[in-house]
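Below is one structure, written out as structure tokens; comments come after it.
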Amino acid sequence: MKQSLTRRAMLGALGTAVAATAGCQSPGTDSTSGGDTGDQSGSADALAQSDSVYTDVYRAVADAVVSIRVYAEDARGGQGSGFLIDDEHIVTNEHVVAGGDEYYVRFADTGWRSASVVGADVYSDLAVLRVGATPTVTPLSFAKTEPTVGTEVVAIGNPFGLSGSVSAGIVSGVDRTLQSANNFSIADAVQTDAPVNPGNSGGPLVTLDGDVLGVINSGGGDNVAFAISAPLTQRVVPSLIQTGDYDHSYMGVGLRGVSPRLAEANDLDPASGVYIDSILEGGPAAGVLQGSDGETMISGAAIPTGGDVVRQMGDTPTPTRQALGSFLALETSPGETVDVLVERDGAQETVALTLGTRPEP
């Protein structure tokens, strides 16, 4: 993936003044109806005289952000956002392209262009589109370091069809867990308070240096929105381009976080770790890990007992489900054997678990 010297040079020359954020909208967008009625030519001219750091980031990044239209034979369809990562590939969300039959993308200064889906992964909510020809646009690059809470960020996309809109905020949290298909989860997500609405899905969440921290996945209110993290995206997207899909590591277990009540019922000290509630018959963990074999009543609630508590996987402590999920998603692959430190029947022991491949939805 290309590194944009031009974009970095431009952003490196910025002053330190930061102005209040406001949504930016390109010419040709109907602001009263929410409809996307024209092209976006002239968008750079509209921002030519601003000294806002957000405007400079927008100017450096927006040309690589696209509007996406999806059409289906049953007349359903949708719209979303995406961004260019090389000469021909655009990253977006799986839920943006799901169920579609025809796909079109539009850059800031072009008309609609036909695109095809190269690959899609429902478990990470990521997809890749290919376009036959792209304008002279610098692809976006991913951040090389994990974000810290409080980092200023910008979301660029097409909320409600309002092409080329920008909103700003901060990283509100990291290592979040999002709901995915089949009761699985998406690990390592980034939380932000940047306003995100329908149509932003698939667009980039970027730093003030113009580097992508994540692919916007969900939002819509309460100052809480989420993005699929750059590290997970960088694992999944190359596989989508090469093979059309991505294999996720799979344990074949039902998990619970260790709550105070669960710790009390199972005499756990410290009250942390990941509790194995159930084991899928014939799954990777069958015969290796131990699930619940009873329950006890505390304050009128049935609390499971007897399951293993995972304290560490490999060299990585797992005090929470989020930590375990991020380790599986970012550090492992199907077929690998991992040493798992568990607390079982009041003692600790290490077992070897060979990971499987998460089943198809």
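Identifiers in the structure tokens: chain A, B, ... in order shown; residue index from 1 per chain; ligand index from 1 in order shown.
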
Polymer residues at most 6 Å from range 193-195 of chain A, only C-alpha atoms, same-chain spacing of 3 or more positions, as an mmCIF file with all heavy atoms, in the first residue's frame:
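As a result, out-v4.cif now contains:
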```cif
data_model
loop_
_atom_site.group_PDB
_atom_site.id
_atom_site.type_symbol
_atom_site.label_atom_id
_atom_site.label_comp_id
_atom_site.auth_asym_id
_atom_site.auth_seq_id
_atom_site.Cartn_x
_atom_site.Cartn_y
_atom_site.Cartn_z
ATOM 1 N N SER A 167 -16.632 15.081 9.645
ATOM 2 C CA SER A 167 -16.930 15.362 11.045
ATOM 3 C C SER A 167 -15.688 15.045 11.854
ATOM 4 O O SER A 167 -14.822 14.293 11.409
ATOM 5 C CB SER A 167 -18.131 14.540 11.540
ATOM 6 O OG SER A 167 -17.913 13.154 11.347
ATOM 7 N N ALA A 168 -15.584 15.610 13.029
ATOM 8 C CA ALA A 168 -14.363 15.467 13.817
ATOM 9 C C ALA A 168 -14.692 15.111 15.254
ATOM 10 O O ALA A 168 -15.774 15.388 15.770
ATOM 11 C CB ALA A 168 -13.537 16.750 13.768
ATOM 12 N N GLY A 169 -13.723 14.497 15.918
ATOM 13 C CA GLY A 169 -13.870 14.127 17.319
ATOM 14 C C GLY A 169 -12.562 13.580 17.833
ATOM 15 O O GLY A 169 -11.485 13.961 17.351
ATOM 16 N N ASN A 223 -23.172 10.097 20.664
ATOM 17 C CA ASN A 223 -21.738 10.374 20.609
ATOM 18 C C ASN A 223 -20.890 9.109 20.700
ATOM 19 O O ASN A 223 -19.771 9.135 21.216
ATOM 20 C CB ASN A 223 -21.324 11.346 21.723
ATOM 21 C CG ASN A 223 -22.003 12.690 21.591
ATOM 22 O OD1 ASN A 223 -22.108 13.232 20.499
ATOM 23 N ND2 ASN A 223 -22.475 13.232 22.699
ATOM 24 N N VAL A 224 -21.424 8.007 20.200
ATOM 25 C CA VAL A 224 -20.696 6.744 20.194
ATOM 26 C C VAL A 224 -20.743 6.145 18.787
ATOM 27 O O VAL A 224 -21.820 5.876 18.260
ATOM 28 C CB VAL A 224 -21.287 5.734 21.206
ATOM 29 C CG1 VAL A 224 -20.541 4.399 21.125
ATOM 30 C CG2 VAL A 224 -21.226 6.284 22.622
#
```

Exercise. Name the residues in contact with Ser180 in chain A at a cut-off of 8 Å, using only C-alpha atoms, excluding same-chain residues fewer than 5 positions from it; report them as a list of chain:residue names.
Key: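 My reading of the contact set: A:Val122, A:Tyr123, A:Ser124, A:Asp125, A:Ser185, A:Ile186.
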
Could you pull out the residues in range 142-297 of chain A that DSSP calls alpha helix (DSSP H) from the backbone, as a short mmCIF file (atom, residue, chain, number, x, y, z; two decimals) with N, CA and C atoms, in the first residue's frame?
```cif
data_model
loop_
_atom_site.label_atom_id
_atom_site.label_comp_id
_atom_site.auth_asym_id
_atom_site.auth_seq_id
_atom_site.Cartn_x
_atom_site.Cartn_y
_atom_site.Cartn_z
N ALA A 230 -7.37 -0.50 12.18
CA ALA A 230 -6.37 -0.64 11.12
C ALA A 230 -5.63 -1.98 11.18
N PRO A 231 -5.18 -2.45 12.38
CA PRO A 231 -4.49 -3.75 12.39
C PRO A 231 -5.34 -4.90 11.88
N LEU A 232 -6.63 -4.95 12.27
CA LEU A 232 -7.49 -6.03 11.77
C LEU A 232 -7.73 -5.87 10.28
N THR A 233 -7.96 -4.65 9.83
CA THR A 233 -8.17 -4.40 8.40
C THR A 233 -6.96 -4.84 7.59
N GLN A 234 -5.77 -4.56 8.10
CA GLN A 234 -4.55 -4.92 7.37
C GLN A 234 -4.31 -6.43 7.34
N ARG A 235 -4.90 -7.17 8.27
CA ARG A 235 -4.83 -8.64 8.21
C ARG A 235 -5.84 -9.19 7.21
N VAL A 236 -7.04 -8.63 7.21
CA VAL A 236 -8.13 -9.20 6.42
C VAL A 236 -8.05 -8.81 4.95
N VAL A 237 -7.80 -7.53 4.66
CA VAL A 237 -7.91 -7.03 3.29
C VAL A 237 -6.96 -7.73 2.31
N PRO A 238 -5.68 -7.94 2.62
CA PRO A 238 -4.83 -8.65 1.64
C PRO A 238 -5.38 -10.02 1.26
N SER A 239 -5.95 -10.74 2.23
CA SER A 239 -6.53 -12.04 1.92
C SER A 239 -7.77 -11.89 1.04
N LEU A 240 -8.59 -10.87 1.29
CA LEU A 240 -9.75 -10.65 0.43
C LEU A 240 -9.33 -10.37 -1.00
N ILE A 241 -8.25 -9.63 -1.17
CA ILE A 241 -7.76 -9.33 -2.52
C ILE A 241 -7.20 -10.58 -3.19
N GLN A 242 -6.49 -11.39 -2.43
CA GLN A 242 -5.82 -12.56 -3.02
C GLN A 242 -6.75 -13.74 -3.24
N THR A 243 -7.64 -14.01 -2.27
CA THR A 243 -8.46 -15.22 -2.35
C THR A 243 -9.96 -14.96 -2.32
N PRO A 260 -18.28 -10.17 39.15
CA PRO A 260 -18.14 -10.42 40.58
C PRO A 260 -18.93 -11.64 41.05
N ARG A 261 -20.16 -11.82 40.54
CA ARG A 261 -20.97 -12.95 40.95
C ARG A 261 -20.35 -14.27 40.45
N LEU A 262 -19.87 -14.30 39.22
CA LEU A 262 -19.26 -15.52 38.69
C LEU A 262 -17.99 -15.86 39.47
N ALA A 263 -17.22 -14.83 39.82
CA ALA A 263 -16.02 -15.06 40.62
C ALA A 263 -16.37 -15.63 41.99
N GLU A 264 -17.45 -15.11 42.60
CA GLU A 264 -17.88 -15.62 43.90
C GLU A 264 -18.31 -17.08 43.81
N ALA A 265 -19.07 -17.41 42.77
CA ALA A 265 -19.58 -18.77 42.63
C ALA A 265 -18.47 -19.78 42.37
#
```

Applying 12 Å and only C-alpha atoms, which residues near Asn200 in chain A remain after dropping the ones on its own chain fewer than 4 positions away? List them as a CSV table (one decimal) with N, CA, C and O atoms, in the first residue's frame.
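Generated output (out_29.csv):
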```csv
chain,number,residue,atom,x,y,z
A,65,VAL,N,-11.6,9.2,-1.0
A,65,VAL,CA,-12.8,8.7,-0.4
A,65,VAL,C,-13.9,8.7,-1.5
A,65,VAL,O,-14.1,9.7,-2.2
A,66,VAL,N,-14.7,7.6,-1.6
A,66,VAL,CA,-15.7,7.4,-2.6
A,66,VAL,C,-17.1,7.3,-2.0
A,66,VAL,O,-17.2,6.8,-0.9
A,67,SER,N,-18.1,7.7,-2.8
A,67,SER,CA,-19.4,7.3,-2.6
A,67,SER,C,-19.7,5.9,-3.2
A,67,SER,O,-19.1,5.6,-4.3
A,68,ILE,N,-20.5,5.1,-2.6
A,68,ILE,CA,-20.8,3.8,-3.2
A,68,ILE,C,-22.3,3.6,-3.3
A,68,ILE,O,-23.0,3.9,-2.3
A,78,GLY,N,-28.5,-0.1,-1.5
A,78,GLY,CA,-28.1,0.9,-0.5
A,78,GLY,C,-26.9,1.8,-0.9
A,78,GLY,O,-26.6,1.7,-2.1
A,79,GLN,N,-26.4,2.5,0.0
A,79,GLN,CA,-25.3,3.4,-0.3
A,79,GLN,C,-24.4,3.4,0.9
A,79,GLN,O,-24.8,3.1,2.1
A,80,GLY,N,-23.2,3.8,0.7
A,80,GLY,CA,-22.2,3.9,1.7
A,80,GLY,C,-21.0,4.6,1.3
A,80,GLY,O,-21.0,5.4,0.3
A,81,SER,N,-19.9,4.4,1.9
A,81,SER,CA,-18.6,5.1,1.6
A,81,SER,C,-17.5,4.0,1.5
A,81,SER,O,-17.7,2.9,1.9
A,82,GLY,N,-16.4,4.5,1.0
A,82,GLY,CA,-15.2,3.6,0.9
A,82,GLY,C,-14.0,4.5,0.7
A,82,GLY,O,-14.1,5.7,0.5
A,83,PHE,N,-12.8,3.8,0.6
A,83,PHE,CA,-11.6,4.6,0.3
A,83,PHE,C,-10.6,3.8,-0.5
A,83,PHE,O,-10.5,2.6,-0.3
A,92,THR,N,-14.3,-1.1,2.0
A,92,THR,CA,-15.6,-0.6,2.5
A,92,THR,C,-16.1,-1.7,3.5
A,92,THR,O,-15.3,-2.6,3.9
A,93,ASN,N,-17.3,-1.6,4.0
A,93,ASN,CA,-17.9,-2.6,4.9
A,93,ASN,C,-18.6,-3.7,4.1
A,93,ASN,O,-19.2,-3.4,3.0
A,95,HIS,N,-21.3,-5.0,5.1
A,95,HIS,CA,-22.8,-4.8,5.1
A,95,HIS,C,-23.2,-3.8,4.0
A,95,HIS,O,-24.4,-3.7,3.7
A,96,VAL,N,-22.3,-3.0,3.5
A,96,VAL,CA,-22.6,-2.0,2.5
A,96,VAL,C,-22.9,-2.8,1.1
A,96,VAL,O,-23.8,-2.4,0.4
A,154,VAL,N,-10.8,12.4,12.3
A,154,VAL,CA,-11.7,13.0,11.4
A,154,VAL,C,-12.4,11.8,10.6
A,154,VAL,O,-11.7,10.9,10.2
A,155,ALA,N,-13.7,11.9,10.5
A,155,ALA,CA,-14.4,10.9,9.7
A,155,ALA,C,-14.9,11.6,8.4
A,155,ALA,O,-15.5,12.6,8.5
A,156,ILE,N,-14.6,10.9,7.3
A,156,ILE,CA,-15.0,11.5,6.0
A,156,ILE,C,-15.9,10.4,5.3
A,156,ILE,O,-15.5,9.3,5.2
A,157,GLY,N,-17.0,10.9,4.7
A,157,GLY,CA,-17.9,10.0,4.0
A,157,GLY,C,-19.1,10.6,3.5
A,157,GLY,O,-19.1,11.8,3.2
A,158,ASN,N,-20.2,9.9,3.4
A,158,ASN,CA,-21.4,10.3,2.7
A,158,ASN,C,-22.7,10.1,3.6
A,158,ASN,O,-23.6,9.3,3.1
A,159,PRO,N,-22.8,10.7,4.8
A,159,PRO,CA,-23.9,10.4,5.6
A,159,PRO,C,-25.2,10.9,4.9
A,159,PRO,O,-25.3,12.0,4.4
A,160,PHE,N,-26.2,10.1,4.9
A,160,PHE,CA,-27.5,10.4,4.3
A,160,PHE,C,-27.3,10.8,2.8
A,160,PHE,O,-28.1,11.6,2.3
A,161,GLY,N,-26.3,10.4,2.1
A,161,GLY,CA,-26.0,10.7,0.7
A,161,GLY,C,-25.4,12.1,0.6
A,161,GLY,O,-25.3,12.5,-0.6
A,162,LEU,N,-25.0,12.7,1.6
A,162,LEU,CA,-24.4,14.1,1.5
A,162,LEU,C,-22.9,13.9,1.3
A,162,LEU,O,-22.1,13.7,2.2
A,163,SER,N,-22.5,13.8,0.0
A,163,SER,CA,-21.2,13.4,-0.4
A,163,SER,C,-20.1,14.4,0.1
A,163,SER,O,-20.3,15.6,0.2
A,164,GLY,N,-19.0,13.8,0.5
A,164,GLY,CA,-17.8,14.5,0.9
A,164,GLY,C,-18.0,15.3,2.2
A,164,GLY,O,-17.4,16.3,2.4
A,165,SER,N,-18.8,14.7,3.1
A,165,SER,CA,-19.0,15.3,4.4
A,165,SER,C,-17.8,14.9,5.4
A,165,SER,O,-17.3,13.8,5.3
A,166,VAL,N,-17.5,15.8,6.3
A,166,VAL,CA,-16.4,15.6,7.3
A,166,VAL,C,-17.0,15.9,8.7
A,166,VAL,O,-17.7,16.9,8.8
A,167,SER,N,-16.6,15.1,9.6
A,167,SER,CA,-16.9,15.4,11.0
A,167,SER,C,-15.7,15.0,11.9
A,167,SER,O,-14.8,14.3,11.4
A,194,ALA,N,-16.8,11.2,17.0
A,194,ALA,CA,-17.0,11.9,15.8
A,194,ALA,C,-18.4,11.5,15.3
A,194,ALA,O,-18.7,10.3,15.2
A,195,PRO,N,-19.2,12.5,14.9
A,195,PRO,CA,-20.6,12.1,14.4
A,195,PRO,C,-20.5,11.2,13.2
A,195,PRO,O,-19.9,11.5,12.2
A,196,VAL,N,-21.2,10.1,13.3
A,196,VAL,CA,-21.2,9.1,12.2
A,196,VAL,C,-22.7,8.7,12.0
A,196,VAL,O,-23.4,8.4,13.0
A,204,PRO,N,-13.3,6.2,5.9
A,204,PRO,CA,-12.1,6.1,6.8
A,204,PRO,C,-12.3,7.0,8.0
A,204,PRO,O,-12.9,8.1,8.0
A,205,LEU,N,-11.7,6.5,9.2
A,205,LEU,CA,-11.5,7.4,10.3
A,205,LEU,C,-10.0,7.6,10.4
A,205,LEU,O,-9.2,6.7,10.5
A,215,VAL,N,-11.9,1.6,9.7
A,215,VAL,CA,-13.0,1.6,8.7
A,215,VAL,C,-14.3,1.8,9.5
A,215,VAL,O,-14.7,0.9,10.3
A,216,ILE,N,-15.0,2.9,9.3
A,216,ILE,CA,-16.2,3.2,10.0
A,216,ILE,C,-17.2,2.1,9.8
A,216,ILE,O,-17.5,1.7,8.7
A,217,ASN,N,-17.7,1.6,10.9
A,217,ASN,CA,-18.6,0.5,10.9
A,217,ASN,C,-20.1,0.8,11.4
A,217,ASN,O,-21.0,0.4,10.8
A,218,SER,N,-20.2,1.6,12.4
A,218,SER,CA,-21.5,1.9,12.9
A,218,SER,C,-21.5,3.2,13.7
A,218,SER,O,-20.5,3.6,14.2
A,219,GLY,N,-22.7,3.7,13.9
A,219,GLY,CA,-22.8,5.0,14.6
A,219,GLY,C,-24.3,5.4,14.6
A,219,GLY,O,-25.2,4.6,14.4
A,220,GLY,N,-24.6,6.7,14.8
A,220,GLY,CA,-25.9,7.1,14.7
A,220,GLY,C,-26.5,7.9,15.9
A,220,GLY,O,-27.6,8.3,15.8
A,225,ALA,N,-19.6,6.0,18.2
A,225,ALA,CA,-19.5,5.3,16.9
A,225,ALA,C,-18.2,4.4,16.9
A,225,ALA,O,-17.4,4.5,17.8
A,226,PHE,N,-18.2,3.5,16.0
A,226,PHE,CA,-17.1,2.5,16.0
A,226,PHE,C,-16.5,2.4,14.6
A,226,PHE,O,-17.1,2.6,13.6
A,227,ALA,N,-15.2,1.9,14.6
A,227,ALA,CA,-14.5,1.6,13.3
A,227,ALA,C,-13.8,0.3,13.5
A,227,ALA,O,-13.2,0.0,14.6
```

Quiz prompt | Among the residues A:Ala181, A:Leu280, A:Ala64, A:Val118, the one that comes closest to Thr136 in chain A [using only C-alpha atoms] | solution =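 Closest candidate: A:Ala64.
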
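What separates CA of Gly214 in chain A from CA of Gly252 in chain A is a distance of 27.8 Å.
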
Practice problem: Between A:Leu268, A:Ala98, A:Ala143, A:Val253, single out the one closest to Gly283 in chain A, counting only C-alpha atoms. | Solution: A:Val253

Quiz item: Between CA of Asp175 in chain A and CA of Ser292 in chain A, what is the spacing in Å?
Solution: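 CA of Ser292 in chain A sits 27.1 Å away from CA of Asp175 in chain A.
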
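Here CA of Tyr246 in chain A stands at a distance of 27.4 Å from CA of Val171 in chain A.
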
Quiz item: Out of range 100-324 of chain A, which residues get strand (DSSP E) from DSSP, as number ranges by chain?
Solution: A: 102-106, 113-121, 126-131, 152-157, 165-179, 185-192, 204-207, 212-221, 224-229, 249-250, 253-257, 274-279, 294-298, 301-305, 309-313, 316-317

Quiz item: For Glu73 in chain A, which residue among A:Asp245, A:Asp101, A:Glu295, A:Glu343 is the nearest when counting only C-alpha atoms?
Solution: A:Asp101

Quiz item: Can you tell me, as a VMD selection string, what residues are no more than 8 Å from Leu324 in chain A when counting only C-alpha atoms, ignoring any on the same chain fewer than 6 positions away?
Solution: chain A and resid 274 313 318

Quiz item: Of the residues A:Val131, A:Ala301, A:Asp209, A:Asp188, which is the one nearest to Thr151 in chain A, using only C-alpha atoms?
Solution: A:Asp209
